[in-house]
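One structure is given below, encoded as structure tokens.
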Amino acid sequence: MPISLADKKELRRLAFSDVAENSLLNRNIPCYRHLSAYISRTWRHCLFSCLPALTYFRLWHLSMKTMSARFGTGVLSYFLFLRTLLLFNLLLFVINGLFVVFPQAVHPPPHDPQVSTFTGLELLTGMGYFSQTLMFYGYYTNNAFKTCRAAGPNPSYSGASTELPVCNAVTSQTVPYNISAAYFFTIAIAFFTICIILVYSMSNSFGKNLHVMNSNVNLAVKVFCSWDFKVTKTMSVRLQSENIRTQLKVRRSFKLPLNQKVMVYRSQTFFYLLPEMYHVIKTRSKQELRCNFTTLFTTNYVTVFLLTSKITINKSTLPCHDMCFCSSQCWENFVGQELYRLLLMDFIFTVLYSFLGEFLWRLAALHQKYIRNRKPMFDIARNVLELIYGQTLTWLGVLFAPLLPAVQIIKLFVLFYMKKASLMLNCQASRKPWRASQMTTLFISLLCFPSFIGASVSVTYTIWTIKPSSGCGPFRNLTTMFQSGKLWAQDVEDTYPALGWLSWAYTHLVEKPLFLFLASGVFLIVIYIHAQVVDGQRKIIKLLEKQIENEGKDKRFLIGKLHDIHSSAETSHLSQQSTINQKESLLHKSSSIFTFFQFVTELISSISTCWIFISIKKTCHQELYQ
Amino acid sequence: MGTTASQLGKDLLSEYQELTFLTKQEILLAHKRFTELLTKDERDGANSRLPMDRILTLPELKSNPFRERICHVFSTSPQKDGSLTFEDFLDLLSAFSDSATLEIKSHYAFRIFDFDDDGTLDGSDLEKLVNCLTGETDETRLSPEEMRQLISNILEESDIDKDGTVNLSEFQHVISRSPDFVSSFKIVL
């Protein structure tokens, strides 16, 4: 039961007052309790002083608030998703930057006499000047940066700084910083981290939303929870009321049909995504959403995959542009540049769409009567799919262009402000309702399943199987990119023989399929157990609901019974009272008769006594006088 | 106790921060907006009460169909007229803030929807609730037949002990089924 602020202040004053302190001391609480109380109080104090600082880091908080005030939670979900993607890219950029880009930037490769001058065109094509910068794969060397130099007069490799100290017995024990191994491990670890984060956030969202599939309280939820208190503009409020009214009229007698219920229950045990999408798309009656999702999704994604598969498999038949390294066939650079161009084109087309689609439509709506004076609506589905497409490109391209996440970050930043401006100026609030958290779950799962899994499969295939080009990049002269990791592990084992068990573990566990098979078997068993537990809990909930209903009935029955008894007790009490009254009057009468009889008897006895006395006296008198 | 002085004291500010879900900036902003609505004399006095009609001029509450109920629920006025002191105002913002928990929000939502303040949501409360949701004018409201059907459906879904009313536990049970509630039950200045 929440209490008001004034009462809380009073309680706090009492708790921290001297009286409380004294009573604490008097109770002989041991010292460690004092210490723990003191520590927890100081920690809370620190937390509360840090809290304002943390709020500064909430990016775009004010902009999102103004947008949600006018447009509601639906449009806000798009911008929240954009912010999530920005954070992912920031993470990727930081990891790449620290371990790959920064070391290479500090130890640049030998200067290439063929370097082109910078013209503005390179920003669009990514070729020429850019292919010889940190931006693309070809710039990175396969050197190992030592922390000391050999004792000889000439350094044995280029790029060594003469300020390095001479190697002695201690420093020569350390493993040098190998760029190719760093490149390989950074990409692997970055992808692994992103996978963990995506799966965790997806499972969280599903956990919150899965019970929504059990839709037998839909109407009550709609009435109690659908009002968005953030919306403050009068027009938007009116629109919201209209939305709710339409939904209530349609849903008055809506119950999920039996066959759909069965299908939903059966499939949700194992395949969580598909029925979610089916349920959402079918029952939310959003024709446009379905069309948008399927068409855009398939076209965008299929195009990207066709392109990358073409590039990675048929690399030998690539047309030789005079800007690329034809002699050494640096195909990774080419792939990186293609993906960079795709990303840039995506950005340009989004800008054009905002401009043409929304701004010009608004102008047309104002000036012409044909479009019925209606502003365009912000199409959330299309915009989200474009974001996912851009992110897929980034993930595909990070292996070939380590600075691509930086490009994506800049693009997302500019996109946020542009979309916000376009929204506020051109668009009106949508007339259709939008289940924000269900949609957010859908976005995250689309980001994870097709987008991230697809990109990581492509990247894994490239690393595992395809031979890197021999003339450029950190993996030249190796059979696969994966080999660099193995070589590095070998180096480490040679330098530190104590770590030999790691390579043993790797060869005997990870590379044997049996171990992986067993691990995935255990994983599936755990999932099955959890699903059964959830099923059981659902049954228990039904039983408990029935129990509550029965207890309510029992209570009512007992109360009715008590009422009856009470009312019958009253009537019998009344009748009893009347008989007692009668009896009392009878008793009264009988007692008066009794006293009368008593009087008469006494009278008679007294008369008889007198007569006996007189007669005795008479006889005595007669005796005397004879 | 001079909460309506032109500046909030530092101790008072940190105390408010610890006792509500608001941050210091939000409390200062709330103080600024509250004192803007006070007249000059009220500003000098301590613990002044803002009457309800002035609170309802705030843009965040102006168009909200539940604005009067919100003022009544958070008001600690002995005359039950919906007037708010600054601390009541902070209570309001705290319950509607980002960091308030689901229990707090659902408790206050229940009190806001309980139009006759009897501790349960019966048929008449639900009817007034639906009228607030669908709009203020006659043509936007549901017909009596539709209303009756709707209310019986709602009670069938949410009344577990079948006593004809929705009590706090049943309400919280329904609210827990909606993941959107926490994000939609928000008012930010």
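For the structure tokens, the naming scheme is as follows: chains receive sequential letters (A, B, ...) according to their order of presentation, residues are indexed from 1 within each chain, and ligands are indexed from 1 in presentation order.
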
Polymer residues at most 10 Å from Gly164 in chain B, only C-alpha atoms, same-chain spacing of 3 or more positions, as an MDAnalysis selection string: chainID B and resid 120:123 152 155:156 158:161 167

Near-Thr134 in chain B list (10 Å; only C-alpha atoms; drop same-chain fewer than 5 positions) as a list in words: Arg238, Leu239, Gln240, Ser241, Glu242, Asn243, Ile244, Arg245, Thr246 and Leu248 of chain A; Pro65, Leu129, Glu139, Thr140, Arg141 and Leu142 of chain B

Residue contacts of range 14-25 of chain B (10 Å, only C-alpha atoms) excluding same-chain residues fewer than 2 positions away, as a PyMOL selection string: (chain A and resi 4-6+8-9+12+44-45+48-49+51-53+55) or (chain B and resi 8-12+27-31+87+90-101)

Filtered DSSP result for range 376-514 of chain A, state alpha helix (DSSP H), as a PyMOL selection string: chain A and resi 380-397+404-426+436-446+453-465+482-495+500-505+513-514

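Considering only C-alpha atoms, the residue among B:Ser63, B:Gln79, B:Thr57, B:Gln7 positioned nearest to chain A is B:Ser63.
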
Give as an mmCIF file with N, CA and C atoms, in the first residue's frame every residue of chain A that touches chain B within 8 Å, counting only C-alpha atoms.
```cif
data_model
loop_
_atom_site.group_PDB
_atom_site.id
_atom_site.type_symbol
_atom_site.label_atom_id
_atom_site.label_comp_id
_atom_site.auth_asym_id
_atom_site.auth_seq_id
_atom_site.Cartn_x
_atom_site.Cartn_y
_atom_site.Cartn_z
ATOM 1 N N MET A 1 0.860 -1.191 0.000
ATOM 2 C CA MET A 1 0.000 0.000 0.000
ATOM 3 C C MET A 1 0.892 1.236 0.000
ATOM 4 N N PRO A 2 0.950 1.967 -1.069
ATOM 5 C CA PRO A 2 1.853 3.130 -1.089
ATOM 6 C C PRO A 2 1.347 4.232 -0.168
ATOM 7 N N SER A 4 1.720 8.372 1.286
ATOM 8 C CA SER A 4 1.985 9.673 0.676
ATOM 9 C C SER A 4 3.358 10.186 1.100
ATOM 10 N N LEU A 5 3.832 11.183 0.388
ATOM 11 C CA LEU A 5 5.183 11.702 0.599
ATOM 12 C C LEU A 5 5.330 12.309 1.985
ATOM 13 N N ALA A 6 4.283 12.993 2.445
ATOM 14 C CA ALA A 6 4.364 13.621 3.764
ATOM 15 C C ALA A 6 4.562 12.568 4.850
ATOM 16 N N LYS A 8 5.864 9.615 4.396
ATOM 17 C CA LYS A 8 7.197 9.029 4.232
ATOM 18 C C LYS A 8 8.253 9.907 4.883
ATOM 19 N N LYS A 9 8.093 11.207 4.733
ATOM 20 C CA LYS A 9 9.055 12.128 5.340
ATOM 21 C C LYS A 9 9.061 11.971 6.841
ATOM 22 N N PHE A 48 22.490 7.662 -5.160
ATOM 23 C CA PHE A 48 21.597 8.771 -5.447
ATOM 24 C C PHE A 48 22.336 9.983 -5.976
ATOM 25 N N LEU A 51 23.033 9.148 -9.700
ATOM 26 C CA LEU A 51 21.870 8.978 -10.570
ATOM 27 C C LEU A 51 21.670 10.139 -11.548
ATOM 28 N N PRO A 52 21.782 11.399 -11.110
ATOM 29 C CA PRO A 52 21.624 12.488 -12.082
ATOM 30 C C PRO A 52 22.661 12.424 -13.189
ATOM 31 N N LYS A 65 10.590 12.037 -25.811
ATOM 32 C CA LYS A 65 9.434 12.416 -25.016
ATOM 33 C C LYS A 65 8.470 13.270 -25.842
ATOM 34 N N THR A 73 3.092 5.473 -28.274
ATOM 35 C CA THR A 73 4.170 4.526 -28.019
ATOM 36 C C THR A 73 4.606 3.784 -29.270
ATOM 37 N N LYS A 208 8.288 -11.835 -21.446
ATOM 38 C CA LYS A 208 7.247 -10.885 -21.055
ATOM 39 C C LYS A 208 6.010 -11.044 -21.902
ATOM 40 N N ASN A 209 6.173 -11.431 -23.156
ATOM 41 C CA ASN A 209 5.037 -11.379 -24.075
ATOM 42 C C ASN A 209 4.367 -12.704 -24.322
ATOM 43 N N HIS A 211 2.799 -14.845 -22.555
ATOM 44 C CA HIS A 211 1.482 -15.110 -22.012
ATOM 45 C C HIS A 211 0.394 -14.325 -22.728
ATOM 46 N N VAL A 212 0.820 -13.394 -23.582
ATOM 47 C CA VAL A 212 -0.193 -12.666 -24.337
ATOM 48 C C VAL A 212 -0.860 -13.590 -25.344
ATOM 49 N N ASN A 216 -7.319 -14.968 -23.304
ATOM 50 C CA ASN A 216 -8.677 -14.939 -22.804
ATOM 51 C C ASN A 216 -8.962 -13.745 -21.903
ATOM 52 N N VAL A 217 -7.988 -12.836 -21.691
ATOM 53 C CA VAL A 217 -8.313 -11.614 -20.966
ATOM 54 C C VAL A 217 -8.068 -10.408 -21.852
ATOM 55 N N LEU A 219 -9.982 -8.474 -23.676
ATOM 56 C CA LEU A 219 -10.870 -7.319 -23.617
ATOM 57 C C LEU A 219 -10.599 -6.508 -22.356
ATOM 58 N N ALA A 220 -10.442 -7.200 -21.235
ATOM 59 C CA ALA A 220 -10.183 -6.490 -19.977
ATOM 60 C C ALA A 220 -8.856 -5.746 -20.063
ATOM 61 N N VAL A 221 -7.861 -6.418 -20.655
ATOM 62 C CA VAL A 221 -6.556 -5.759 -20.828
ATOM 63 C C VAL A 221 -6.709 -4.517 -21.676
ATOM 64 N N VAL A 223 -9.299 -2.624 -22.027
ATOM 65 C CA VAL A 223 -9.986 -1.537 -21.329
ATOM 66 C C VAL A 223 -9.093 -0.933 -20.256
ATOM 67 N N PHE A 224 -8.361 -1.778 -19.511
ATOM 68 C CA PHE A 224 -7.594 -1.244 -18.391
ATOM 69 C C PHE A 224 -6.252 -0.670 -18.795
ATOM 70 N N CYS A 225 -5.633 -1.207 -19.852
ATOM 71 C CA CYS A 225 -4.231 -0.862 -20.116
ATOM 72 C C CYS A 225 -4.005 -0.102 -21.405
ATOM 73 N N SER A 226 -5.036 0.132 -22.208
ATOM 74 C CA SER A 226 -4.709 0.669 -23.521
ATOM 75 C C SER A 226 -4.584 2.181 -23.526
ATOM 76 N N TRP A 227 -4.976 2.864 -22.459
ATOM 77 C CA TRP A 227 -4.856 4.322 -22.510
ATOM 78 C C TRP A 227 -3.419 4.733 -22.317
ATOM 79 N N ASP A 228 -2.885 5.486 -23.281
ATOM 80 C CA ASP A 228 -1.501 5.935 -23.230
ATOM 81 C C ASP A 228 -1.471 7.312 -22.575
ATOM 82 N N PHE A 229 -0.992 7.381 -21.324
ATOM 83 C CA PHE A 229 -1.009 8.646 -20.604
ATOM 84 C C PHE A 229 0.029 9.627 -21.114
ATOM 85 N N LYS A 230 0.962 9.142 -21.977
ATOM 86 C CA LYS A 230 1.994 10.053 -22.455
ATOM 87 C C LYS A 230 1.465 11.021 -23.500
ATOM 88 N N THR A 232 -0.407 13.859 -25.074
ATOM 89 C CA THR A 232 -0.956 15.057 -24.451
ATOM 90 C C THR A 232 -1.651 16.005 -25.425
ATOM 91 N N LYS A 233 -1.365 15.916 -26.709
ATOM 92 C CA LYS A 233 -2.011 16.852 -27.644
ATOM 93 C C LYS A 233 -3.465 16.451 -27.837
ATOM 94 N N THR A 234 -4.336 17.441 -27.919
ATOM 95 C CA THR A 234 -5.777 17.181 -27.975
ATOM 96 C C THR A 234 -6.159 16.317 -29.169
ATOM 97 N N VAL A 237 -5.172 12.787 -28.567
ATOM 98 C CA VAL A 237 -6.036 12.168 -27.561
ATOM 99 C C VAL A 237 -7.342 11.739 -28.200
ATOM 100 N N ARG A 238 -7.862 12.634 -29.059
ATOM 101 C CA ARG A 238 -9.128 12.303 -29.718
ATOM 102 C C ARG A 238 -8.955 11.071 -30.603
ATOM 103 N N SER A 241 -8.903 7.977 -28.533
ATOM 104 C CA SER A 241 -10.258 7.579 -28.111
ATOM 105 C C SER A 241 -10.977 6.859 -29.238
ATOM 106 N N GLU A 242 -10.792 7.402 -30.445
ATOM 107 C CA GLU A 242 -11.438 6.773 -31.613
ATOM 108 C C GLU A 242 -10.943 5.361 -31.817
ATOM 109 N N ILE A 244 -9.664 3.320 -29.630
ATOM 110 C CA ILE A 244 -10.132 2.415 -28.574
ATOM 111 C C ILE A 244 -11.593 2.060 -28.799
ATOM 112 N N ARG A 245 -12.361 3.071 -29.223
ATOM 113 C CA ARG A 245 -13.776 2.801 -29.429
ATOM 114 C C ARG A 245 -13.970 1.772 -30.529
ATOM 115 N N LEU A 248 -13.073 -1.636 -29.245
ATOM 116 C CA LEU A 248 -14.039 -2.189 -28.301
ATOM 117 C C LEU A 248 -15.292 -2.664 -29.027
ATOM 118 N N LYS A 249 -15.685 -1.920 -30.057
ATOM 119 C CA LYS A 249 -16.878 -2.329 -30.786
ATOM 120 C C LYS A 249 -16.639 -3.636 -31.522
ATOM 121 N N ARG A 252 -16.111 -6.808 -28.930
ATOM 122 C CA ARG A 252 -17.102 -7.075 -27.881
ATOM 123 C C ARG A 252 -17.294 -8.536 -27.624
ATOM 124 N N SER A 253 -17.428 -9.291 -28.738
ATOM 125 C CA SER A 253 -17.687 -10.704 -28.544
ATOM 126 C C SER A 253 -16.623 -11.535 -29.213
ATOM 127 N N ARG A 435 0.633 -2.501 -30.893
ATOM 128 C CA ARG A 435 1.043 -3.136 -29.649
ATOM 129 C C ARG A 435 2.568 -3.030 -29.549
ATOM 130 N N ALA A 436 3.009 -2.025 -28.798
ATOM 131 C CA ALA A 436 4.424 -1.654 -28.868
ATOM 132 C C ALA A 436 5.352 -2.774 -28.415
ATOM 133 N N SER A 437 5.045 -3.401 -27.285
ATOM 134 C CA SER A 437 6.037 -4.352 -26.785
ATOM 135 C C SER A 437 6.050 -5.621 -27.621
ATOM 136 N N GLU A 545 -7.682 -20.793 -10.095
ATOM 137 C CA GLU A 545 -8.803 -19.894 -10.432
ATOM 138 C C GLU A 545 -10.123 -20.542 -10.090
ATOM 139 N N ILE A 548 -10.596 -20.398 -6.363
ATOM 140 C CA ILE A 548 -11.035 -19.090 -5.874
ATOM 141 C C ILE A 548 -12.530 -18.925 -6.118
ATOM 142 N N GLU A 549 -12.966 -19.356 -7.302
ATOM 143 C CA GLU A 549 -14.386 -19.221 -7.623
ATOM 144 C C GLU A 549 -15.226 -20.040 -6.647
ATOM 145 N N ASN A 550 -14.767 -21.267 -6.383
ATOM 146 C CA ASN A 550 -15.533 -22.109 -5.461
ATOM 147 C C ASN A 550 -15.542 -21.547 -4.055
ATOM 148 N N GLU A 551 -14.409 -20.987 -3.631
ATOM 149 C CA GLU A 551 -14.386 -20.401 -2.290
ATOM 150 C C GLU A 551 -15.323 -19.219 -2.195
ATOM 151 N N GLY A 552 -15.399 -18.451 -3.282
ATOM 152 C CA GLY A 552 -16.354 -17.346 -3.296
ATOM 153 C C GLY A 552 -17.777 -17.857 -3.145
ATOM 154 N N LYS A 553 -18.061 -18.931 -3.861
ATOM 155 C CA LYS A 553 -19.409 -19.511 -3.764
ATOM 156 C C LYS A 553 -19.677 -20.006 -2.353
#
```

Residues within 12 Å of Phe81 in chain A, only C-alpha atoms, excluding chain neighbours under 5 positions, as number ranges by chain: A: 64, 74-76, 86-88, 380-381, 383-388, 391, 412, 416, 436-437, 439-447
